[in-house]
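Right, one structure below, let's go through it.
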2 protein chains.
Amino acid sequence: MFEFELLHIDKQTGARRGRLHTPHGVVETPVFMPVGTQATVKTMSPDELKDLGAQIILSNTYHLHLRPGEDLVEKAGGLHNFMNWDRPILTDSGGFQVFSLAGLRKVKEEGVTFRSHLDGSKRFLSPETAVAIQQKLGADIMMQFDECSAWPCSREQARTAMDRTIRWLDRCIAAKTREDQALFGIVQGAFYVDLRVECIREMAKRDLPGYGIGGLSVGEPKDVMYDVLEALCPEMPVHKPRYLMGVGSPDCLVEGTRLGIDMFDCVLATRVGRNGTVFTRDGRLVVRGASCKEDFVPLEEGCDCYACRNFSRAYIRHLLKAGEILGLRLCSIHNLRFLTRLMEDAQKAIEEDRYGDFCREFVRRNGKDVW
Amino acid sequence: MFEFELLHIDKQTGARRGRLHTPHGVVETPVFMPVGTQATVKTMSPDELKDLGAQIILSNTYHLHLRPGEDLVEKAGGLHNFMNWDRPILTDSGGFQVFSLAGLRKVKEEGVTFRSHLDGSKRFLSPETAVAIQQKLGADIMMQFDECSAWPCSREQARTAMDRTIRWLDRCIAAKTREDQALFGIVQGAFYVDLRVECIREMAKRDLPGYGIGGLSVGEPKDVMYDVLEALCPEMPVHKPRYLMGVGSPDCLVEGTRLGIDMFDCVLATRVGRNGTVFTRDGRLVVRGASCKEDFVPLEEGCDCYACRNFSRAYIRHLLKAGEILGLRLCSIHNLRFLTRLMEDAQKAIEEDRYGDFCREFVRRNGKDVW
């Protein structure tokens with residue numbers, strides 16, 4: 001029911017081309033997963049996501065637990081039915097949101113007490129409750145409940161969080177009862193490479209169906225993140241998917257893939273899209289900008305997305321200026337299609353053993369650190 | 001290029017079934033026209049409008065003049081190209097908006113000076129400028145610049161506005177140069193039936209391709225509006241389309257059609273949709289309401305719209321509660337499909353000489369005045 005095939009390793013870089021089998025179908029990797037925080041990818045319909053080639057989406061346990069609640073989703077027949085998405089879904093555990101969004105959190109060995117960012121109500125999440133919620137949501141892949149460390153972070157803090165994350169992993173494994181869901185561990189250890197390596201070695205003993213990498217892209221310079229990945233990835237189980245959590249700028253997708261990552265997710269594409277900024281193969285375009293005012297070409301020449309096939313920069317700029325929702329939709333569609341196509345192109349480059357060239361060409365056009 | 005065929009008159013009521021030929025295709029009447037104020041029907045893509053059966057849309061001269069400006073639209077190749085809508089478009093003249101939206105307006109025989117509701121800038125609209133703007137926009141049907149009277153309105157005010165509207169009509173006719181656009185007059189005269197009749201008799205002498213009815217649904221009770229229509233419609237040219245401007249609740253569409261109207265437009269469907277209220281064959285449903293919380297049925301059983309085919313009330317309520325744009329989209333789609341189908345059903349009932357039964361059945365299910 002859940003299997004990862006490693007199809008090919010790029011001879012230039014070691015980048016991986018894989019195929020993930022899930023109860024709701026196959027995911028070709030490397031893959032970018034659009035984020036549907038509240039059981040919807042912002043502004044998008046499921047049909048539009050399919051049209052742009054989205055293979056799998058992510059949804060957030062923390063948000064769905066608070067609203068509408070996992071019991072309602074379960075009554076609806078699970079998240080797939082509730083939101084009418086019949087392809088794979090991954091849910092995170094709420095661990096990261098508890099640390100980044102919630103108020104007044106208190107971390108104990110048992111779990112985390114916090115206040116809802118919506119209504120201030122007191123809540124509790126633990127490995128057991130995070131698994132119970134995710135089982136009711138019914139995603140194909142669920143993530144363990146983890147303790148995410150921050151940037152910067154002392155070695156002692158990093159070790160404490162990492163050790164606890166491993167203990168919490170075992171409690172998640174023990175709590176899990178559904179056979180049709182895969183549970184991924186989450187490697188922690190902050191920016192201490194030896195802790196990261198220790199963590200994955202310990203987790204690998206559990207022979208999980210996949211591993212997330214948490215606690216990166218939390219404020220550190222990108223090179224610091226890349227250094228961690230460069231040291232960590234060779235230590236990760238070769239035949240299991242590797243998911244770099246919360247990372248999703250075009251340059252990070254390209255570099256992360258080079259370093260051996262298989263899965264990515266991020267709200268960046270839809271968030272900047274709603275602000276009227278779109279990805280292009282040469283970097284970015286601020287559609288609200290005056291340069292687009294009388295520009296009757298697509299957001300990106302040659303792009304095959306719905307927005308680029310049908311509308312001009314000038315029209316989309318007008319929509320954004322006028323506060324019209326279609327403008328937000330079109331920029332979101334373009335950005336998600338951009339990342340999806342970027343990963344499709346990366347897959348092909350890996351298959352043809354030219355992923356190093358692909359990276360160099362990308363950096364030449366985009367610069368190294370534009371997002 | 002522009003022709004109206006009167007296909008059939010319902011034997012029970014006198015309701016009309018027609019077909020309007022325009023440069024961008026045929027419109028079957030009676031018809032509801034979704035409103036795309038700022039060159040977009042709020043939240044909707046052109047493809048979605050086609051999917052739900054929209055035959056023709058309306059756009060607003062006042063808004064497009066202020067933003068992005070008719071010159072930009074003309075450079076884009078006209079409104080059809082700009083917004084990528086290849087079916088017919090009707091533009092209003094800005095007359096109504098100048099009276100309802102703009103600030104500090106000053107009406108003189110020459111035209112109306114007013115302040116933009118966007119930036120307070122001083123503007124001027126006249127029969128000549130309204131036609132010039134609409135020619136740059138390039139809709140299939142343009143409306144004359146008129147003076148809209150209010151509710152309540154003295155007989156003297158009504159006569160002044162009506163007389164001026166006729167004089168302005170002649171200036172619009174004189175200003176018009178494009179052959180591929182039809183110009184409709186707008187019958188004014190407030191709630192004075194004799195003035196209304198005088199106005200249409202005068203306008204009919206111009207043998208225009210169609211006639212709007214303005215200055216209704218401006219605050220008066222519905223029965224007052226119906227009384228005007230009942231007296232006015234028999235006086236209107238039989239072989240020309242009749243467009244009741246700004247009217248578009250389900251009950252008004254049904255009753256207006258009965259009284260002999262062929263075309264309608266209104267923002268109600270999309271506006272209440274964005275507020276989370278949807279039309280149903282029994283009246284209305286407040287989707288945000290607690291009754292929908294665990295209601296896993298479609299917005300309206302048996303509805304063929306995208307929202308009803310794919311999502312439950314419970315999901316759409318969740319989207320609305322969570323502030324997600326997809327919720328606004330789905331309610332808008334449903335309401336527009338509802339009105340479009342209502343008119344399709346009305347067409348069929350007229351063809352089959354049972355439109356009186358159709359009206360009675362509608363009132364039985366909906367009540368007479370629900371919106």
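Residue numbering restarts at 1 for every chain of the structure tokens, chains are lettered A, B, ... in their displayed order, and ligands are numbered from 1 as they appear.
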
Sorted per-residue table, chain B near chain A, closest atoms and distance, 6 Å, only C-alpha atoms, as a tab-separated table:
```
residue	atom	partner	partner_atom	distance
B:Thr43	CA	A:Ile325	CA	5.0
B:Ile325	CA	A:Thr43	CA	5.0
B:Leu326	CA	A:Thr43	CA	5.4
```

Could the residues in this selection be written to a file with all heavy atoms, as a PDB file, in the first residue's frame?
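So the final result, stored in result_36.pdb, reads:
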```pdb
ATOM      1  N   THR B  43     -14.848  36.948  -8.313  1.00  0.00           N
ATOM      2  CA  THR B  43     -14.341  35.625  -7.910  1.00  0.00           C
ATOM      3  C   THR B  43     -14.272  34.615  -9.063  1.00  0.00           C
ATOM      4  O   THR B  43     -13.669  33.559  -8.889  1.00  0.00           O
ATOM      5  CB  THR B  43     -15.129  34.945  -6.754  1.00  0.00           C
ATOM      6  OG1 THR B  43     -16.302  34.307  -7.276  1.00  0.00           O
ATOM      7  CG2 THR B  43     -15.524  35.917  -5.660  1.00  0.00           C
ATOM      8  N   ILE B 325     -11.087  31.782   0.208  1.00  0.00           N
ATOM      9  CA  ILE B 325     -11.648  32.314  -1.030  1.00  0.00           C
ATOM     10  C   ILE B 325     -12.473  31.277  -1.789  1.00  0.00           C
ATOM     11  O   ILE B 325     -13.475  31.612  -2.429  1.00  0.00           O
ATOM     12  CB  ILE B 325     -10.500  32.892  -1.898  1.00  0.00           C
ATOM     13  CG1 ILE B 325     -10.127  34.283  -1.347  1.00  0.00           C
ATOM     14  CG2 ILE B 325     -10.876  32.950  -3.372  1.00  0.00           C
ATOM     15  CD1 ILE B 325      -8.922  34.909  -1.993  1.00  0.00           C
ATOM     16  N   LEU B 326     -12.080  30.012  -1.702  1.00  0.00           N
ATOM     17  CA  LEU B 326     -12.846  28.990  -2.417  1.00  0.00           C
ATOM     18  C   LEU B 326     -14.309  28.994  -1.969  1.00  0.00           C
ATOM     19  O   LEU B 326     -15.207  28.721  -2.779  1.00  0.00           O
ATOM     20  CB  LEU B 326     -12.210  27.603  -2.224  1.00  0.00           C
ATOM     21  CG  LEU B 326     -12.879  26.451  -2.976  1.00  0.00           C
ATOM     22  CD1 LEU B 326     -12.919  26.684  -4.484  1.00  0.00           C
ATOM     23  CD2 LEU B 326     -12.184  25.117  -2.661  1.00  0.00           C
TER      24      LEU B 326
END
```

Residues near Leu79 in chain A, anyone? I mean within 12 Å using only C-alpha atoms, not counting same-chain ones fewer than 6 positions away, as a PyMOL selection string.
(chain A and resi 36-40+57-61+64-65+68-73+85-91+133-140) or (chain B and resi 315)

What would the file look like if the residues just selected were written as a short mmCIF file (atom, residue, chain, number, x, y, z; two decimals), in the first residue's frame with N, CA, C and O atoms?
```
data_model
loop_
_atom_site.label_atom_id
_atom_site.label_comp_id
_atom_site.auth_asym_id
_atom_site.auth_seq_id
_atom_site.Cartn_x
_atom_site.Cartn_y
_atom_site.Cartn_z
N GLY A 36 -2.44 23.12 1.60
CA GLY A 36 -3.86 23.41 1.82
C GLY A 36 -4.14 23.48 3.30
O GLY A 36 -4.80 22.61 3.86
N THR A 37 -3.65 24.52 3.93
CA THR A 37 -3.66 24.64 5.39
C THR A 37 -5.01 24.26 5.99
O THR A 37 -5.11 23.42 6.87
N GLN A 38 -6.06 24.90 5.50
CA GLN A 38 -7.39 24.73 6.10
C GLN A 38 -8.27 23.86 5.20
O GLN A 38 -9.43 24.17 4.99
N ALA A 39 -7.69 22.78 4.68
CA ALA A 39 -8.42 21.87 3.80
C ALA A 39 -8.80 22.55 2.48
O ALA A 39 -9.80 22.19 1.85
N THR A 40 -8.00 23.52 2.07
CA THR A 40 -8.11 24.13 0.76
C THR A 40 -6.79 24.83 0.46
O THR A 40 -6.26 25.52 1.34
N ILE A 57 -1.03 17.01 -1.97
CA ILE A 57 -1.07 18.27 -1.24
C ILE A 57 -0.89 18.01 0.24
O ILE A 57 -1.02 16.88 0.71
N LEU A 58 -0.55 19.07 0.94
CA LEU A 58 -0.35 19.00 2.39
C LEU A 58 -1.49 19.73 3.08
O LEU A 58 -2.00 20.72 2.57
N SER A 59 -1.88 19.23 4.24
CA SER A 59 -2.83 20.00 5.03
C SER A 59 -2.36 20.00 6.48
O SER A 59 -1.56 19.15 6.89
N ASN A 60 -2.85 20.97 7.26
CA ASN A 60 -2.27 21.20 8.59
C ASN A 60 -3.16 20.71 9.71
O ASN A 60 -4.29 21.18 9.90
N THR A 61 -2.64 19.80 10.48
CA THR A 61 -3.35 19.23 11.62
C THR A 61 -3.73 20.29 12.65
O THR A 61 -4.85 20.29 13.17
N LEU A 64 -6.72 22.32 11.27
CA LEU A 64 -7.95 21.53 11.13
C LEU A 64 -8.47 21.06 12.48
O LEU A 64 -9.69 20.93 12.67
N HIS A 65 -7.56 20.84 13.42
CA HIS A 65 -7.98 20.49 14.78
C HIS A 65 -8.79 21.63 15.40
O HIS A 65 -9.84 21.41 16.01
N PRO A 68 -12.24 22.91 11.19
CA PRO A 68 -13.55 22.63 11.81
C PRO A 68 -13.51 21.55 12.87
O PRO A 68 -14.57 21.23 13.42
N GLY A 69 -12.34 21.02 13.19
CA GLY A 69 -12.24 19.91 14.13
C GLY A 69 -12.19 18.59 13.39
O GLY A 69 -12.89 18.39 12.40
N GLU A 70 -11.34 17.67 13.89
CA GLU A 70 -11.14 16.41 13.19
C GLU A 70 -12.38 15.52 13.21
O GLU A 70 -12.56 14.68 12.33
N ASP A 71 -13.25 15.73 14.21
CA ASP A 71 -14.46 14.89 14.27
C ASP A 71 -15.37 15.18 13.08
O ASP A 71 -15.96 14.27 12.50
N LEU A 72 -15.47 16.46 12.74
CA LEU A 72 -16.30 16.81 11.58
C LEU A 72 -15.70 16.23 10.30
O LEU A 72 -16.43 15.68 9.46
N VAL A 73 -14.39 16.34 10.18
CA VAL A 73 -13.74 15.81 8.97
C VAL A 73 -13.95 14.29 8.89
O VAL A 73 -14.21 13.75 7.82
N TRP A 85 -10.71 15.88 -2.78
CA TRP A 85 -9.38 15.70 -3.39
C TRP A 85 -9.06 14.22 -3.33
O TRP A 85 -8.90 13.67 -2.24
N ASP A 86 -9.00 13.59 -4.50
CA ASP A 86 -8.84 12.13 -4.48
C ASP A 86 -7.41 11.67 -4.71
O ASP A 86 -7.15 10.47 -4.85
N ARG A 87 -6.49 12.63 -4.76
CA ARG A 87 -5.07 12.26 -4.85
C ARG A 87 -4.47 12.24 -3.44
O ARG A 87 -5.14 12.58 -2.47
N PRO A 88 -3.21 11.84 -3.33
CA PRO A 88 -2.62 11.73 -1.98
C PRO A 88 -2.62 13.05 -1.20
O PRO A 88 -2.58 14.13 -1.77
N ILE A 89 -2.68 12.89 0.11
CA ILE A 89 -2.57 14.01 1.04
C ILE A 89 -1.55 13.64 2.12
O ILE A 89 -1.48 12.49 2.54
N LEU A 90 -0.79 14.63 2.53
CA LEU A 90 0.08 14.50 3.70
C LEU A 90 -0.40 15.50 4.74
O LEU A 90 -0.70 16.65 4.42
N THR A 91 -0.53 15.05 5.98
CA THR A 91 -0.81 16.02 7.05
C THR A 91 0.41 16.13 7.95
O THR A 91 1.07 15.13 8.25
N ILE A 133 -5.68 12.58 15.91
CA ILE A 133 -6.28 13.58 15.01
C ILE A 133 -5.99 13.22 13.56
O ILE A 133 -6.89 13.21 12.71
N GLN A 134 -4.73 12.90 13.29
CA GLN A 134 -4.36 12.60 11.90
C GLN A 134 -5.03 11.33 11.40
O GLN A 134 -5.29 11.19 10.20
N GLN A 135 -5.32 10.41 12.29
CA GLN A 135 -6.05 9.22 11.86
C GLN A 135 -7.48 9.57 11.48
O GLN A 135 -8.03 9.00 10.54
N LYS A 136 -8.06 10.51 12.20
CA LYS A 136 -9.40 10.95 11.83
C LYS A 136 -9.39 11.73 10.52
O LYS A 136 -10.32 11.64 9.72
N LEU A 137 -8.35 12.51 10.31
CA LEU A 137 -8.23 13.24 9.05
C LEU A 137 -8.04 12.27 7.89
O LEU A 137 -8.59 12.45 6.81
N GLY A 138 -7.23 11.24 8.13
CA GLY A 138 -7.12 10.15 7.15
C GLY A 138 -6.22 10.41 5.96
O GLY A 138 -6.42 9.82 4.89
N ALA A 139 -5.19 11.27 6.12
CA ALA A 139 -4.26 11.50 5.02
C ALA A 139 -3.47 10.22 4.72
O ALA A 139 -3.38 9.31 5.54
N ASP A 140 -2.89 10.16 3.54
CA ASP A 140 -2.05 9.02 3.16
C ASP A 140 -0.78 8.98 3.99
O ASP A 140 -0.30 7.91 4.34
N TYR B 315 -18.60 21.51 4.17
CA TYR B 315 -17.28 21.96 3.71
C TYR B 315 -17.30 23.44 3.34
O TYR B 315 -16.41 24.20 3.71
#
```

DSSP on the backbone, strand (DSSP E) only: what residues of range 98-258 of chain B does that give? Format it as an MDAnalysis selection string.
chainID B and resid 103:107 112:115 122:125 141:143 182:187 211:213 242:244

Would you list the contacts of Glu198 in chain B as JSON, numbers by chain, taking every protein, DNA or RNA residue within 12 Å and counting only C-alpha atoms, but skipping same-chain residues closer than 3 positions in sequence?
{"B": [158, 159, 162, 163, 166, 187, 188, 189, 190, 192, 193, 194, 195, 201, 202, 203, 204, 205, 231, 232, 235, 236]}

Between CA of Leu285 in chain B and CA of Asn366 in chain B, what is the distance in Å, rounded to a tenth?
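Interatomic distance, CA of Leu285 in chain B to CA of Asn366 in chain B: 11.8 Å.
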
Can you list, as JSON, numbers by chain, every protein, DNA or RNA residue that comes within 10 Å of Val31 in chain B when you count only C-alpha atoms, leaving out same-chain residues fewer than 6 positions away?
{"B": [17, 18, 19, 54, 55, 56, 243, 253, 257, 261, 262, 263, 264, 265, 339, 340, 341, 342, 343, 344, 346, 347]}

Please list as a PyMOL selection string every residue within 7 Å of range 211-224 of chain B, counting only C-alpha atoms and excluding residues in the same chain fewer than 2 positions away.
chain B and resi 148-151+184-188+190+226-228+241-245+247
